[in-house]
>>> print(open('query13.txt').read())   # compact mmCIF, C-alpha atoms
# COMPACT_ATOMS: atom_id res chain seq x y z
CA MET A 770 2.59 184.70 212.01
CA THR A 771 5.67 185.21 214.19
CA ARG A 772 8.74 185.86 212.09
CA VAL A 773 11.85 183.82 212.73
CA ILE A 774 13.85 186.96 213.56
CA ASN A 775 11.53 187.54 216.54
CA ARG A 776 11.80 184.04 217.99
CA ARG A 777 14.27 183.71 220.83
CA PRO A 778 15.26 180.43 222.53
CA ASN A 779 15.20 180.30 226.31
CA PRO A 780 18.65 180.21 227.99
CA ARG A 781 18.67 176.42 228.46
CA ILE A 782 17.84 175.72 224.82
CA ALA A 783 20.36 178.36 223.72
CA ARG A 784 23.12 176.59 225.66
CA LEU A 785 22.16 173.25 224.16
CA LEU A 786 22.11 174.72 220.65
CA GLY A 787 25.57 176.13 221.26
CA LEU A 788 26.89 172.63 221.94
CA VAL A 789 25.46 171.15 218.75
CA PRO A 790 28.30 172.28 216.38
CA PHE A 791 30.96 170.98 218.79
CA GLY A 792 29.21 167.63 219.06
CA ALA A 793 28.84 167.44 215.28
CA VAL A 794 32.56 168.11 214.77
CA LEU A 795 33.52 165.44 217.33
CA ILE A 796 31.21 162.86 215.79
CA LEU A 797 32.50 163.64 212.30
CA TYR A 798 36.10 163.32 213.53
CA VAL A 799 35.44 159.96 215.20
CA ILE A 800 33.78 158.61 212.04
CA CYS A 801 36.59 159.79 209.75
CA SER A 802 39.26 158.58 212.16
CA ASP A 803 37.69 155.13 212.42
CA ILE A 804 37.48 154.85 208.64
CA ARG A 805 41.14 155.79 208.13
CA LEU A 806 42.43 153.63 210.99
CA HIS A 807 40.39 150.68 209.74
CA GLU A 808 42.08 150.98 206.35
CA ASN A 809 45.51 151.69 207.84
CA PRO A 810 46.10 151.14 211.60
CA ASN A 811 49.31 153.19 211.35
CA ASP A 812 47.60 156.25 209.87
CA LYS A 813 48.83 159.47 211.53
CA LEU A 814 46.51 162.05 210.01
CA LEU A 815 43.47 161.37 212.22
CA PRO A 816 44.67 159.57 215.36
CA SER A 817 42.20 158.08 217.80
CA PHE A 818 41.33 159.83 221.05
CA GLY A 819 43.15 157.08 222.91
CA SER A 820 46.43 157.72 221.13
CA MET A 821 46.09 161.47 221.63
CA TRP A 822 45.42 161.01 225.34
CA SER A 823 48.43 158.72 225.64
CA ALA A 824 50.74 161.18 223.86
CA ILE A 825 49.58 164.21 225.84
CA GLY A 826 49.58 162.21 229.07
CA GLN A 827 53.26 161.45 228.58
CA LEU A 828 54.07 165.13 227.98
CA ALA A 829 51.92 166.34 230.86
CA PHE A 830 52.66 163.76 233.56
CA THR A 831 56.09 162.34 232.72
CA PRO A 832 59.14 164.55 233.33
CA ASP A 833 61.38 165.16 230.36
CA VAL A 834 64.59 163.14 230.52
CA ARG A 835 66.78 166.07 229.44
CA THR A 836 65.26 168.97 231.42
CA GLY A 837 63.17 167.29 234.11
CA ASN A 838 60.21 169.52 233.22
CA TYR A 839 56.70 168.42 232.43
CA LEU A 840 56.75 169.73 228.87
CA PHE A 841 53.02 170.29 228.39
CA TRP A 842 52.71 172.49 231.46
CA ALA A 843 56.05 174.21 230.86
CA ASP A 844 54.97 175.09 227.31
CA THR A 845 51.63 176.38 228.59
CA LEU A 846 53.23 178.54 231.27
CA SER A 847 55.78 180.03 228.87
CA SER A 848 53.13 180.95 226.30
CA LEU A 849 50.75 182.40 228.89
CA LYS A 850 53.52 184.55 230.37
CA ARG A 851 54.34 186.04 226.97
CA LEU A 852 50.68 186.56 226.17
CA ALA A 853 49.98 188.20 229.53
CA TRP A 854 52.89 190.63 229.15
CA GLY A 855 51.94 191.48 225.57
CA MET A 856 48.24 191.99 226.17
CA GLY A 857 48.76 193.77 229.49
CA ALA A 858 51.17 196.22 227.90
CA SER A 859 48.78 196.69 224.96
CA PHE A 860 45.97 197.52 227.40
CA VAL A 861 48.02 200.19 229.19
CA ILE A 862 49.33 201.69 225.93
CA ALA A 863 45.81 201.78 224.49
CA ILE A 864 44.44 203.60 227.53
CA VAL A 865 47.15 206.27 227.46
CA PHE A 866 47.34 206.91 223.73
CA GLY A 867 43.68 206.19 222.96
CA ILE A 868 42.50 208.82 225.43
CA ALA A 869 45.08 211.32 224.17
CA LEU A 870 44.10 210.84 220.52
CA GLY A 871 40.38 210.87 221.24
CA LEU A 872 40.34 213.82 223.61
CA ILE A 873 43.18 216.15 222.63
CA PRO A 874 42.91 217.56 219.08
CA TYR A 875 46.62 218.38 218.79
CA ALA A 876 47.55 214.82 219.81
CA ALA A 877 45.09 213.45 217.25
CA ALA A 878 46.53 215.64 214.49
CA LEU A 879 50.04 214.54 215.39
CA ALA A 880 49.62 210.79 215.91
CA ASN A 881 46.43 209.63 214.19
CA PRO A 882 48.01 209.16 210.74
CA PHE A 883 50.96 207.26 212.22
CA VAL A 884 48.76 204.95 214.34
CA ALA A 885 46.47 204.34 211.37
CA ALA A 886 49.44 203.43 209.17
CA LEU A 887 50.94 201.20 211.89
CA SER A 888 47.66 199.34 212.34
CA LEU A 889 47.63 198.48 208.62
CA VAL A 890 51.09 196.87 208.64
CA PRO A 891 50.84 193.06 208.99
CA PRO A 892 52.60 192.38 212.33
CA LEU A 893 54.07 189.10 211.08
CA ALA A 894 55.90 191.03 208.37
CA LEU A 895 57.75 192.85 211.16
CA LEU A 896 58.86 189.64 212.84
CA PRO A 897 62.27 189.38 211.09
CA ILE A 898 62.95 193.04 211.91
CA LEU A 899 62.11 192.46 215.57
CA PHE A 900 64.35 189.41 215.77
CA ILE A 901 67.24 191.33 214.22
CA ALA A 902 66.73 194.45 216.32
CA LEU A 903 65.68 192.93 219.66
CA GLY A 904 67.17 189.44 219.48
CA LEU A 905 65.49 186.07 219.82
CA ASP A 906 64.59 186.37 223.50
CA GLU A 907 61.26 187.17 225.12
CA LEU A 908 61.20 190.88 224.28
CA SER A 909 60.77 190.41 220.54
CA LYS A 910 57.80 188.06 221.04
CA ILE A 911 56.11 190.44 223.47
CA VAL A 912 56.69 193.43 221.22
CA LEU A 913 55.16 191.53 218.29
CA ILE A 914 51.96 191.01 220.31
CA ILE A 915 51.94 194.69 221.26
CA LEU A 916 52.36 195.79 217.65
CA GLY A 917 49.52 193.51 216.61
CA VAL A 918 47.07 194.46 219.37
CA ALA A 919 47.80 197.98 220.64
CA PRO A 920 47.20 199.99 217.42
CA TYR A 921 43.77 198.40 216.99
CA LEU A 922 42.84 199.17 220.61
CA ILE A 923 44.12 202.74 220.33
CA ARG A 924 42.08 203.47 217.22
CA GLU A 925 38.99 201.81 218.68
CA LEU A 926 39.24 203.78 221.93
CA ALA A 927 39.93 207.09 220.18
CA LEU A 928 36.92 206.56 217.91
CA ARG A 929 34.67 205.75 220.84
CA ILE A 930 35.75 208.90 222.66
CA GLU A 931 35.14 211.03 219.57
CA GLN A 932 31.62 209.59 219.36
CA MET A 933 30.77 210.58 222.92
CA PRO A 934 28.20 213.40 223.25
CA TYR A 935 30.28 216.56 223.28
CA GLU A 936 27.74 218.11 225.65
CA LEU A 937 29.16 215.96 228.46
CA LEU A 938 32.57 217.56 228.09
CA VAL A 939 31.10 221.05 227.80
CA LYS A 940 29.04 220.59 230.98
CA ALA A 941 32.04 219.23 232.86
CA GLN A 942 34.18 222.19 231.82
CA THR A 943 31.39 224.60 232.70
CA MET A 944 31.35 223.14 236.21
CA GLY A 945 35.10 223.73 236.46
CA ALA A 946 36.42 220.22 235.83
CA SER A 947 40.07 219.99 234.81
CA THR A 948 41.30 217.77 231.97
CA PHE A 949 42.45 215.19 234.51
CA GLN A 950 39.04 215.19 236.21
CA ILE A 951 37.28 214.81 232.86
CA ILE A 952 39.44 211.81 232.06
CA ALA A 953 39.04 210.23 235.50
CA ARG A 954 35.32 210.82 236.00
CA ILE A 955 33.85 210.83 232.50
CA ILE A 956 36.17 209.18 229.98
CA LEU A 957 37.57 206.23 231.92
CA PRO A 958 34.28 204.96 233.44
CA GLN A 959 32.70 204.89 230.00
CA MET A 960 35.68 203.66 228.01
CA LEU A 961 37.21 200.93 230.21
CA PRO A 962 34.44 198.38 229.46
CA ARG A 963 34.93 199.01 225.75
CA VAL A 964 38.68 198.56 226.01
CA LEU A 965 38.14 195.24 227.78
CA ASP A 966 35.79 194.22 224.96
CA GLY A 967 38.46 195.20 222.44
CA LEU A 968 40.99 193.14 224.37
CA ARG A 969 38.63 190.16 224.21
CA PHE A 970 38.36 190.48 220.43
CA SER A 971 42.17 190.64 220.20
CA ILE A 972 42.77 187.31 221.96
CA GLY A 973 42.70 185.32 218.71
CA PRO A 974 45.14 187.57 216.82
CA ALA A 975 47.41 187.74 219.87
CA TRP A 976 47.65 183.93 219.96
CA LEU A 977 48.41 183.95 216.24
CA PHE A 978 51.31 186.37 216.67
CA LEU A 979 52.65 184.46 219.66
CA ILE A 980 52.54 181.05 217.97
CA ALA A 981 54.27 182.45 214.88
CA ALA A 982 57.06 183.94 216.98
CA GLU A 983 57.47 180.77 219.05
CA ALA A 984 57.55 178.62 215.93
CA ILE A 985 60.41 180.60 214.42
CA ALA A 986 62.62 181.37 217.41
CA SER A 987 61.93 179.72 220.75
CA THR A 988 62.92 176.77 222.87
CA ASP A 989 59.59 176.37 224.63
CA GLY A 990 55.95 177.33 224.31
CA LEU A 991 52.87 175.83 222.71
CA GLY A 992 53.71 177.18 219.26
CA TYR A 993 57.26 175.88 219.51
CA ARG A 994 56.07 172.38 220.42
CA ILE A 995 53.55 172.25 217.57
CA PHE A 996 56.11 173.16 214.95
CA LEU A 997 58.76 170.93 216.52
CA VAL A 998 56.71 167.73 216.25
CA ARG A 999 55.23 168.51 212.83
CA ARG A 1000 58.34 167.05 211.20
CA TYR A 1001 57.35 163.68 212.70
CA LEU A 1002 53.71 164.07 211.59
CA ALA A 1003 52.77 163.76 215.27
CA MET A 1004 49.12 164.67 214.91
CA ASP A 1005 48.42 162.95 218.23
CA ILE A 1006 50.29 165.88 219.83
CA ILE A 1007 49.42 168.68 217.40
CA ILE A 1008 45.64 168.25 217.58
CA PRO A 1009 45.47 168.25 221.42
CA TYR A 1010 47.80 171.26 221.55
CA VAL A 1011 45.58 173.18 219.12
CA ALA A 1012 42.50 172.20 221.15
CA TRP A 1013 44.27 173.30 224.33
CA ILE A 1014 45.11 176.69 222.80
CA ALA A 1015 41.45 177.10 221.80
CA ALA A 1016 40.38 176.19 225.35
CA LEU A 1017 42.81 178.70 226.86
CA ALA A 1018 41.59 181.41 224.50
CA PHE A 1019 37.99 180.62 225.47
CA LEU A 1020 38.83 180.82 229.18
CA MET A 1021 40.62 184.13 228.66
CA ASP A 1022 37.61 185.51 226.81
CA LEU A 1023 35.29 184.25 229.54
CA GLY A 1024 37.50 185.74 232.26
CA LEU A 1025 37.57 189.17 230.63
CA ARG A 1026 33.81 189.08 230.08
CA VAL A 1027 33.14 188.18 233.72
CA LEU A 1028 35.62 190.82 234.88
CA SER A 1029 33.86 193.46 232.78
CA GLN A 1030 30.46 192.42 234.13
CA ARG A 1031 31.70 192.55 237.72
CA LEU A 1032 33.49 195.89 237.42
CA PHE A 1033 31.08 197.64 235.07
CA PRO A 1034 27.58 196.10 235.44
CA TRP A 1035 25.98 199.33 234.33
CA ALA A 1036 27.73 199.10 230.94
CA ARG A 1037 25.93 195.83 230.13
CA ALA A 1038 22.61 197.19 231.32
CA SER A 1039 22.91 200.21 229.04
CA THR A 1040 23.64 198.20 225.87
>>> encode(input="query13.txt", output="structure tokens")
Amino acid sequence: MTRVINRRPNPRIARLLGLVPFGAVLILYVICSDIRLHENPNDKLLPSFGSMWSAIGQLAFTPDVRTGNYLFWADTLSSLKRLAWGMGASFVIAIVFGIALGLIPYAAALANPFVAALSLVPPLALLPILFIALGLDELSKIVLIILGVAPYLIRELALRIEQMPYELLVKAQTMGASTFQIIARIILPQMLPRVLDGLRFSIGPAWLFLIAAEAIASTDGLGYRIFLVRRYLAMDIIIPYVAWIAALAFLMDLGLRVLSQRLFPWARAST
């Protein structure tokens, strides 16, 4: 008898199975929304898809009277800019410090305890300090993302380097390779795919930090808009915004996965 752990669906069935939970959630929402709206047509907790489309359509395709901007797209652009700066800086910082901590024993002895302690501090607890020290502008929001993402990436990269077969480094040194050559030809080719994977896994936390910062001190952004309209119980705006954030996060994850597969196809083949 074939055990269930050895049964694998073909790709087409796997894709269909992946859609089942989403379809179930949508059906459940429609049923619950219809029940509540039937009892109270003015219910705001579970608005119909029509009312959500109307509310988002006005934000996305009607210019704001005060600013002239299309608020939905302006919020999206502002949030994506902050996220791109934060995650891009985290990627660069992780490469530099992760390689140093994983490859150079003196650097590891000096900085490992500090990075470990920093990675255990809840980034949102640092938010008031960042606002006081850096102000309420873009820098504090970007730094919050960096503090939430970079320490994790640094520790992950350093650990991966330490787990590499030491014989590779010995052979490279025996053949006369310098430290720079070891980094460029051995460390980076093997570690970059893993850093991209770590960046993918950090997309959710990065969005969390960004939305929290925008909710507290911002005049635009997806997080700002969600917390602005909550006082009016505008679920017809909040739910589509949350769904849009989830869609953007999914597209970012997909983009990084495709980028990794294109740049490092051998890494997927070896796993």
>>> atom_distance(input="query13.txt", atom1="atom CA of A:Val890", atom2="atom CA of A:Pro874")
24.6 Å
>>> residues_around(input="query13.txt", residues="A:Ser847", least_positions_apart="6", cutoff="12 Å", atoms="only C-alpha atoms", output="ChimeraX atom specification")
/A:840-841,853-854,907,910-911,979-980,983,987-994
>>> axis_aligned_box(input="query13.txt", around="stretch 824-832 of chain A", padding_each_side="8 Å", output="JSON")
{"center_x": 54.4, "center_y": 163.8, "center_z": 228.7, "size_x": 25.6, "size_y": 21.2, "size_z": 25.7}
>>> closest_atom_pairs(input="query13.txt", of="stretch 865-978 of chain A", to="stretch 1003-1023 of chain A", cutoff="10 Å", atoms="all atoms listed in the file", output="JSON lines")
{"residue": "A:Leu965", "atom": "CA", "partner": "A:Asp1022", "partner_atom": "CA", "distance": 9.8}
{"residue": "A:Asp966", "atom": "CA", "partner": "A:Asp1022", "partner_atom": "CA", "distance": 9.1}
{"residue": "A:Leu968", "atom": "CA", "partner": "A:Asp1022", "partner_atom": "CA", "distance": 8.7}
{"residue": "A:Arg969", "atom": "CA", "partner": "A:Asp1022", "partner_atom": "CA", "distance": 5.4}
{"residue": "A:Phe970", "atom": "CA", "partner": "A:Asp1022", "partner_atom": "CA", "distance": 8.1}
{"residue": "A:Ser971", "atom": "CA", "partner": "A:Asp1022", "partner_atom": "CA", "distance": 9.5}
{"residue": "A:Ile972", "atom": "CA", "partner": "A:Ala1018", "partner_atom": "CA", "distance": 6.5}
{"residue": "A:Gly973", "atom": "CA", "partner": "A:Ala1018", "partner_atom": "CA", "distance": 7.1}
{"residue": "A:Ala975", "atom": "CA", "partner": "A:Ala1018", "partner_atom": "CA", "distance": 9.8}
{"residue": "A:Trp976", "atom": "CA", "partner": "A:Ala1018", "partner_atom": "CA", "distance": 8.0}
>>> closest_residue(input="query13.txt", among="A:Met856, A:Val964, A:Ala824, A:Ala984", to="A:Leu926", atoms="only C-alpha atoms")
A:Val964
>>> atom_distance(input="query13.txt", atom1="atom CA of A:Gln932", atom2="atom CA of A:Pro892")
28.0 Å
>>> atom_distance(input="query13.txt", atom1="atom CA of A:Lys940", atom2="atom CA of A:Ile868")
18.7 Å
